[in-house]
Amino acid sequence: MVTIKQIHYALMVEKKLHFKKAADACYISPSTLSNAISEMESQLGVQVFERTNKKVIVTNIGKEFLKKAKGIKSSIDEINQLSESQNKPLTMPINLGIIPTIGPYFIPLVLPTLQKKFPDLRLKIIEAQSSALIEKVNNGEIDMAILAMPYKVEGLLSFKFWEENFYYITNKINYRKTKIKAKDIDISNLMLLDDGHCLKSHVLAACKIETNKQYSMEASSLTTLTQLAAGGMGSTLVPHIAIDQLVNSNSLINKALLDEPGPHRELAIIIRPSYSSIESVELLSEVFTSSLQKKLKAHSEQSF
C-alpha cells in the first residue's frame, strides 16, 4: 500500500526533478528517498520516474499518478489543518443557544469584542426558551447555551460569568424614587412575562411573591412590558442588562432598583460534560464578563 510519506517524497521529486535536492528538502538521505520511491513504484506496478545520473523525467503514467497524489495530499493537509484548528480555541464553529430575556441585550454588548479578539470564530446563535435549549444541548443540536440561573441543568456543566439585579419599571407619574422594596410593589398592577420564561420565576423569587397571585398582564417580551409601563398601564421588572436599551432612552419611565438581597439572577454558559473544548468556554466567559463590566458600567454612569 502506498503511504502518505511516499506520496510526499514523490511530489517533492516532481518539484525538484533531482533526487538529492528532493531528499534535502525532505530532510532525509538520498538513499532513503530513492528506496521509498522504488518501493512505491513496485507497489504501483508502474514507473513514475525515469532517472539517470544527470536528470529525472516524469513518465506519462507518472504524471497521472502525481496528479491524483496532489489531490490526496491536499485532502490530508486539510485534515491536519482541521485538527490544528480544533486545538486552537474559538476557531471552530460554535452553535450557541440563548434565551430571549438575554439575547437582544447581551449580544450587542459582547459581539464587537468577540469579533475583535477571535476573528476566526464562526458563531451561530439560536434563540429559544431555557427548557428547549437544555434539550438541544443534551442531544447535541447545539454546543452550548447561555441561561439565567438558578435553573435546573442536571447532568450539565455551568460556567457563571455575570450576576445582576432587577429594576422596577413604571411611568414617572406613578413612582419617582430610585429604590423600592418588594412589599411596596402593587401586585395588582404588576405585569410579567408569560409562563415558560425563567425571568418570571426569578422575579417572583426576588420579590417573594406567591406563584398563585394574579397579575394585570402577561406578555412574551420585555419590550412589550416596558412600553406598557411607559404608557401607564402598570409596572414590571427588568434585569440590569436590559436597562440601557429598554429604559434609559424613554423619558416617560422611572427605574428603581429592587432593594432586595441579590443577585436576583446569574448568567451562565451551559455545556455537556463531554464537550471537547473547556478552554473555549472559559475564554468566552472571560470575554463576556469583561465586556459586560465595561459596557454596563458606562451605561450606568451615563444614566444617572
# chains A, B, ... in the order shown; residues from 1 in each chain; ligands from 1

$ residues_around --residues "range 131-142 of chain A" --least-positions-apart "6" --cutoff "7 Å" --atoms "only C-alpha atoms" --output "JSON, numbers by chain"
{"A": [95, 96, 97, 271, 272]}

$ select_by_dssp --residues "range 196-241 of chain A" --states "helix (DSSP H, G or I)" --output "PDB file with all heavy atoms, in the first residue's frame"
ATOM      1  N   CYS A 198     -37.973  31.917  32.221  1.00  0.00           N
ATOM      2  CA  CYS A 198     -37.422  31.760  33.567  1.00  0.00           C
ATOM      3  C   CYS A 198     -37.343  33.088  34.308  1.00  0.00           C
ATOM      4  O   CYS A 198     -37.322  33.119  35.535  1.00  0.00           O
ATOM      5  CB  CYS A 198     -36.053  31.112  33.507  1.00  0.00           C
ATOM      6  SG  CYS A 198     -34.836  31.997  32.515  1.00  0.00           S
ATOM      7  N   LEU A 199     -37.319  34.217  33.563  1.00  0.00           N
ATOM      8  CA  LEU A 199     -37.270  35.528  34.227  1.00  0.00           C
ATOM      9  C   LEU A 199     -38.487  35.722  35.130  1.00  0.00           C
ATOM     10  O   LEU A 199     -38.388  36.363  36.184  1.00  0.00           O
ATOM     11  CB  LEU A 199     -37.208  36.645  33.182  1.00  0.00           C
ATOM     12  CG  LEU A 199     -37.109  38.066  33.742  1.00  0.00           C
ATOM     13  CD1 LEU A 199     -35.835  38.252  34.554  1.00  0.00           C
ATOM     14  CD2 LEU A 199     -37.168  39.103  32.626  1.00  0.00           C
ATOM     15  N   LYS A 200     -39.625  35.171  34.735  1.00  0.00           N
ATOM     16  CA  LYS A 200     -40.824  35.310  35.563  1.00  0.00           C
ATOM     17  C   LYS A 200     -40.604  34.676  36.929  1.00  0.00           C
ATOM     18  O   LYS A 200     -40.892  35.300  37.964  1.00  0.00           O
ATOM     19  CB  LYS A 200     -42.018  34.652  34.872  1.00  0.00           C
ATOM     20  CG  LYS A 200     -43.304  34.710  35.693  1.00  0.00           C
ATOM     21  CD  LYS A 200     -44.471  34.073  34.959  1.00  0.00           C
ATOM     22  CE  LYS A 200     -45.746  34.144  35.799  1.00  0.00           C
ATOM     23  NZ  LYS A 200     -46.904  33.573  35.088  1.00  0.00           N
ATOM     24  N   SER A 201     -40.070  33.470  36.964  1.00  0.00           N
ATOM     25  CA  SER A 201     -39.842  32.805  38.247  1.00  0.00           C
ATOM     26  C   SER A 201     -38.751  33.509  39.050  1.00  0.00           C
ATOM     27  O   SER A 201     -38.816  33.569  40.283  1.00  0.00           O
ATOM     28  CB  SER A 201     -39.468  31.337  38.021  1.00  0.00           C
ATOM     29  OG  SER A 201     -38.281  31.221  37.249  1.00  0.00           O
ATOM     30  N   HIS A 202     -37.758  34.087  38.350  1.00  0.00           N
ATOM     31  CA  HIS A 202     -36.709  34.821  39.057  1.00  0.00           C
ATOM     32  C   HIS A 202     -37.264  36.086  39.704  1.00  0.00           C
ATOM     33  O   HIS A 202     -36.878  36.447  40.814  1.00  0.00           O
ATOM     34  CB  HIS A 202     -35.581  35.178  38.085  1.00  0.00           C
ATOM     35  CG  HIS A 202     -34.828  33.988  37.588  1.00  0.00           C
ATOM     36  ND1 HIS A 202     -34.111  33.982  36.416  1.00  0.00           N
ATOM     37  CD2 HIS A 202     -34.680  32.740  38.115  1.00  0.00           C
ATOM     38  CE1 HIS A 202     -33.552  32.799  36.245  1.00  0.00           C
ATOM     39  NE2 HIS A 202     -33.891  32.034  37.265  1.00  0.00           N
ATOM     40  N   VAL A 203     -38.150  36.788  38.996  1.00  0.00           N
ATOM     41  CA  VAL A 203     -38.778  37.993  39.549  1.00  0.00           C
ATOM     42  C   VAL A 203     -39.636  37.633  40.755  1.00  0.00           C
ATOM     43  O   VAL A 203     -39.578  38.295  41.805  1.00  0.00           O
ATOM     44  CB  VAL A 203     -39.624  38.706  38.476  1.00  0.00           C
ATOM     45  CG1 VAL A 203     -40.542  39.747  39.116  1.00  0.00           C
ATOM     46  CG2 VAL A 203     -38.722  39.356  37.435  1.00  0.00           C
ATOM     47  N   LEU A 204     -40.431  36.594  40.624  1.00  0.00           N
ATOM     48  CA  LEU A 204     -41.299  36.179  41.732  1.00  0.00           C
ATOM     49  C   LEU A 204     -40.468  35.800  42.955  1.00  0.00           C
ATOM     50  O   LEU A 204     -40.827  36.133  44.090  1.00  0.00           O
ATOM     51  CB  LEU A 204     -42.169  35.000  41.297  1.00  0.00           C
ATOM     52  CG  LEU A 204     -43.199  35.291  40.192  1.00  0.00           C
ATOM     53  CD1 LEU A 204     -43.929  34.017  39.804  1.00  0.00           C
ATOM     54  CD2 LEU A 204     -44.200  36.354  40.644  1.00  0.00           C
ATOM     55  N   ALA A 205     -39.335  35.116  42.708  1.00  0.00           N
ATOM     56  CA  ALA A 205     -38.475  34.715  43.831  1.00  0.00           C
ATOM     57  C   ALA A 205     -37.820  35.926  44.479  1.00  0.00           C
ATOM     58  O   ALA A 205     -37.756  36.028  45.718  1.00  0.00           O
ATOM     59  CB  ALA A 205     -37.410  33.734  43.332  1.00  0.00           C
ATOM     60  N   ALA A 206     -37.350  36.866  43.681  1.00  0.00           N
ATOM     61  CA  ALA A 206     -36.689  38.056  44.216  1.00  0.00           C
ATOM     62  C   ALA A 206     -37.656  38.909  45.030  1.00  0.00           C
ATOM     63  O   ALA A 206     -37.274  39.532  46.026  1.00  0.00           O
ATOM     64  CB  ALA A 206     -36.090  38.874  43.081  1.00  0.00           C
ATOM     65  N   CYS A 207     -38.905  38.945  44.587  1.00  0.00           N
ATOM     66  CA  CYS A 207     -39.915  39.775  45.269  1.00  0.00           C
ATOM     67  C   CYS A 207     -40.689  39.003  46.325  1.00  0.00           C
ATOM     68  O   CYS A 207     -41.584  39.573  46.982  1.00  0.00           O
ATOM     69  CB  CYS A 207     -40.890  40.342  44.246  1.00  0.00           C
ATOM     70  SG  CYS A 207     -40.144  41.479  43.070  1.00  0.00           S
ATOM     71  N   LEU A 222     -39.957  41.546  26.951  1.00  0.00           N
ATOM     72  CA  LEU A 222     -39.693  42.665  27.851  1.00  0.00           C
ATOM     73  C   LEU A 222     -39.983  43.998  27.184  1.00  0.00           C
ATOM     74  O   LEU A 222     -40.366  44.970  27.845  1.00  0.00           O
ATOM     75  CB  LEU A 222     -38.237  42.625  28.315  1.00  0.00           C
ATOM     76  CG  LEU A 222     -37.871  41.543  29.337  1.00  0.00           C
ATOM     77  CD1 LEU A 222     -36.367  41.547  29.579  1.00  0.00           C
ATOM     78  CD2 LEU A 222     -38.622  41.779  30.636  1.00  0.00           C
ATOM     79  N   THR A 223     -39.808  44.061  25.881  1.00  0.00           N
ATOM     80  CA  THR A 223     -40.091  45.298  25.146  1.00  0.00           C
ATOM     81  C   THR A 223     -41.552  45.688  25.300  1.00  0.00           C
ATOM     82  O   THR A 223     -41.885  46.852  25.559  1.00  0.00           O
ATOM     83  CB  THR A 223     -39.749  45.126  23.655  1.00  0.00           C
ATOM     84  OG1 THR A 223     -38.370  44.790  23.531  1.00  0.00           O
ATOM     85  CG2 THR A 223     -40.029  46.405  22.889  1.00  0.00           C
ATOM     86  N   THR A 224     -42.451  44.716  25.135  1.00  0.00           N
ATOM     87  CA  THR A 224     -43.886  44.987  25.284  1.00  0.00           C
ATOM     88  C   THR A 224     -44.202  45.459  26.693  1.00  0.00           C
ATOM     89  O   THR A 224     -44.931  46.447  26.882  1.00  0.00           O
ATOM     90  CB  THR A 224     -44.699  43.719  24.970  1.00  0.00           C
ATOM     91  OG1 THR A 224     -44.449  43.335  23.616  1.00  0.00           O
ATOM     92  CG2 THR A 224     -46.189  43.963  25.153  1.00  0.00           C
ATOM     93  N   LEU A 225     -43.673  44.773  27.692  1.00  0.00           N
ATOM     94  CA  LEU A 225     -43.950  45.153  29.075  1.00  0.00           C
ATOM     95  C   LEU A 225     -43.445  46.556  29.379  1.00  0.00           C
ATOM     96  O   LEU A 225     -44.119  47.346  30.055  1.00  0.00           O
ATOM     97  CB  LEU A 225     -43.288  44.150  30.029  1.00  0.00           C
ATOM     98  CG  LEU A 225     -43.854  42.723  30.027  1.00  0.00           C
ATOM     99  CD1 LEU A 225     -43.074  41.846  31.000  1.00  0.00           C
ATOM    100  CD2 LEU A 225     -45.330  42.727  30.403  1.00  0.00           C
ATOM    101  N   THR A 226     -42.268  46.886  28.877  1.00  0.00           N
ATOM    102  CA  THR A 226     -41.693  48.209  29.141  1.00  0.00           C
ATOM    103  C   THR A 226     -42.524  49.308  28.496  1.00  0.00           C
ATOM    104  O   THR A 226     -42.773  50.367  29.098  1.00  0.00           O
ATOM    105  CB  THR A 226     -40.245  48.275  28.614  1.00  0.00           C
ATOM    106  OG1 THR A 226     -39.477  47.227  29.210  1.00  0.00           O
ATOM    107  CG2 THR A 226     -39.605  49.605  28.954  1.00  0.00           C
ATOM    108  N   GLN A 227     -42.974  49.095  27.275  1.00  0.00           N
ATOM    109  CA  GLN A 227     -43.800  50.094  26.598  1.00  0.00           C
ATOM    110  C   GLN A 227     -45.143  50.274  27.301  1.00  0.00           C
ATOM    111  O   GLN A 227     -45.658  51.398  27.407  1.00  0.00           O
ATOM    112  CB  GLN A 227     -44.015  49.678  25.136  1.00  0.00           C
ATOM    113  CG  GLN A 227     -42.769  49.741  24.271  1.00  0.00           C
ATOM    114  CD  GLN A 227     -42.177  51.140  24.224  1.00  0.00           C
ATOM    115  OE1 GLN A 227     -42.887  52.139  24.142  1.00  0.00           O
ATOM    116  NE2 GLN A 227     -40.847  51.218  24.292  1.00  0.00           N
ATOM    117  N   LEU A 228     -45.705  49.205  27.796  1.00  0.00           N
ATOM    118  CA  LEU A 228     -46.958  49.305  28.539  1.00  0.00           C
ATOM    119  C   LEU A 228     -46.750  50.064  29.852  1.00  0.00           C
ATOM    120  O   LEU A 228     -47.587  50.880  30.252  1.00  0.00           O
ATOM    121  CB  LEU A 228     -47.512  47.908  28.819  1.00  0.00           C
ATOM    122  CG  LEU A 228     -48.051  47.147  27.607  1.00  0.00           C
ATOM    123  CD1 LEU A 228     -48.371  45.706  27.985  1.00  0.00           C
ATOM    124  CD2 LEU A 228     -49.295  47.831  27.044  1.00  0.00           C
ATOM    125  N   ALA A 229     -45.620  49.805  30.508  1.00  0.00           N
ATOM    126  CA  ALA A 229     -45.312  50.531  31.743  1.00  0.00           C
ATOM    127  C   ALA A 229     -45.135  52.020  31.456  1.00  0.00           C
ATOM    128  O   ALA A 229     -45.598  52.880  32.222  1.00  0.00           O
ATOM    129  CB  ALA A 229     -44.060  49.956  32.395  1.00  0.00           C
ATOM    130  N   ALA A 230     -44.476  52.337  30.357  1.00  0.00           N
ATOM    131  CA  ALA A 230     -44.289  53.745  29.980  1.00  0.00           C
ATOM    132  C   ALA A 230     -45.616  54.426  29.726  1.00  0.00           C
ATOM    133  O   ALA A 230     -45.786  55.620  30.001  1.00  0.00           O
ATOM    134  CB  ALA A 230     -43.408  53.838  28.732  1.00  0.00           C
ATOM    135  N   HIS A 240     -30.795  44.237  34.873  1.00  0.00           N
ATOM    136  CA  HIS A 240     -29.850  45.321  34.625  1.00  0.00           C
ATOM    137  C   HIS A 240     -29.351  45.329  33.180  1.00  0.00           C
ATOM    138  O   HIS A 240     -29.212  46.387  32.561  1.00  0.00           O
ATOM    139  CB  HIS A 240     -28.664  45.180  35.586  1.00  0.00           C
ATOM    140  CG  HIS A 240     -27.668  46.283  35.481  1.00  0.00           C
ATOM    141  ND1 HIS A 240     -26.410  46.204  36.032  1.00  0.00           N
ATOM    142  CD2 HIS A 240     -27.723  47.504  34.879  1.00  0.00           C
ATOM    143  CE1 HIS A 240     -25.752  47.323  35.782  1.00  0.00           C
ATOM    144  NE2 HIS A 240     -26.513  48.117  35.072  1.00  0.00           N
ATOM    145  N   ILE A 241     -29.119  44.157  32.616  1.00  0.00           N
ATOM    146  CA  ILE A 241     -28.547  44.064  31.276  1.00  0.00           C
ATOM    147  C   ILE A 241     -29.435  44.706  30.213  1.00  0.00           C
ATOM    148  O   ILE A 241     -28.959  45.123  29.162  1.00  0.00           O
ATOM    149  CB  ILE A 241     -28.282  42.572  30.932  1.00  0.00           C
ATOM    150  CG1 ILE A 241     -27.305  42.461  29.761  1.00  0.00           C
ATOM    151  CG2 ILE A 241     -29.560  41.826  30.645  1.00  0.00           C
ATOM    152  CD1 ILE A 241     -26.869  41.029  29.486  1.00  0.00           C
TER     153      ILE A 241
END

$ select_by_dssp --residues "range 72-273 of chain A" --states "strand (DSSP E or B)" --output "VMD selection string"
chain A and resid 94 to 98 123 to 127 144 to 149 157 to 164 166 to 171 179 to 180 190 to 193 217 to 219 235 to 239 253 to 258 265 to 271

$ residues_around --residues "Ser220 in chain A" --least-positions-apart "6" --cutoff "12 Å" --atoms "only C-alpha atoms" --output "ChimeraX atom specification"
/A:100-101,129,191-200,226

$ residues_around --residues "Leu114 in chain A" --least-positions-apart "6" --cutoff "12 Å" --atoms "only C-alpha atoms" --output "list in words"
Leu90, Thr91, Ile107, Pro108, Asp120, Leu121, Arg122, Leu123, Leu283, Leu284, Ser285, Glu286, Val287, Phe288, Thr289, Ser290, Ser291 and Leu292 of chain A

$ closest_residue --among "A:Thr3, A:Thr170, A:Ser274, A:Ser34" --to "Gly155 in chain A" --atoms "only C-alpha atoms"
A:Ser274

$ residues_around --residues "Lys160 in chain A" --least-positions-apart "5" --cutoff "8 Å" --atoms "only C-alpha atoms" --output "mmCIF file with C-alpha atoms, in the first residue's frame"
data_model
loop_
_atom_site.group_PDB
_atom_site.id
_atom_site.type_symbol
_atom_site.label_atom_id
_atom_site.label_comp_id
_atom_site.auth_asym_id
_atom_site.auth_seq_id
_atom_site.Cartn_x
_atom_site.Cartn_y
_atom_site.Cartn_z
ATOM 1 C CA GLU A 266 -26.963 34.945 37.294
ATOM 2 C CA LEU A 267 -25.923 34.326 33.682
ATOM 3 C CA ALA A 268 -24.015 31.166 32.823
ATOM 4 C CA ILE A 269 -22.777 29.110 29.884
ATOM 5 C CA SER A 285 -16.735 33.511 29.880
#

$ closest_residue --among "A:Glu14, A:Asp184, A:Glu279, A:Asp24" --to "Val48 in chain A" --atoms "only C-alpha atoms"
A:Glu14

$ residues_around --residues "Lys68 in chain A" --least-positions-apart "6" --cutoff "10 Å" --atoms "only C-alpha atoms" --output "PyMOL selection string"
chain A and resi 7+62+74

$ closest_residue --among "A:Ile173, A:Ala256, A:Ile185, A:Leu190" --to "Gly231 in chain A" --atoms "only C-alpha atoms"
A:Ile173
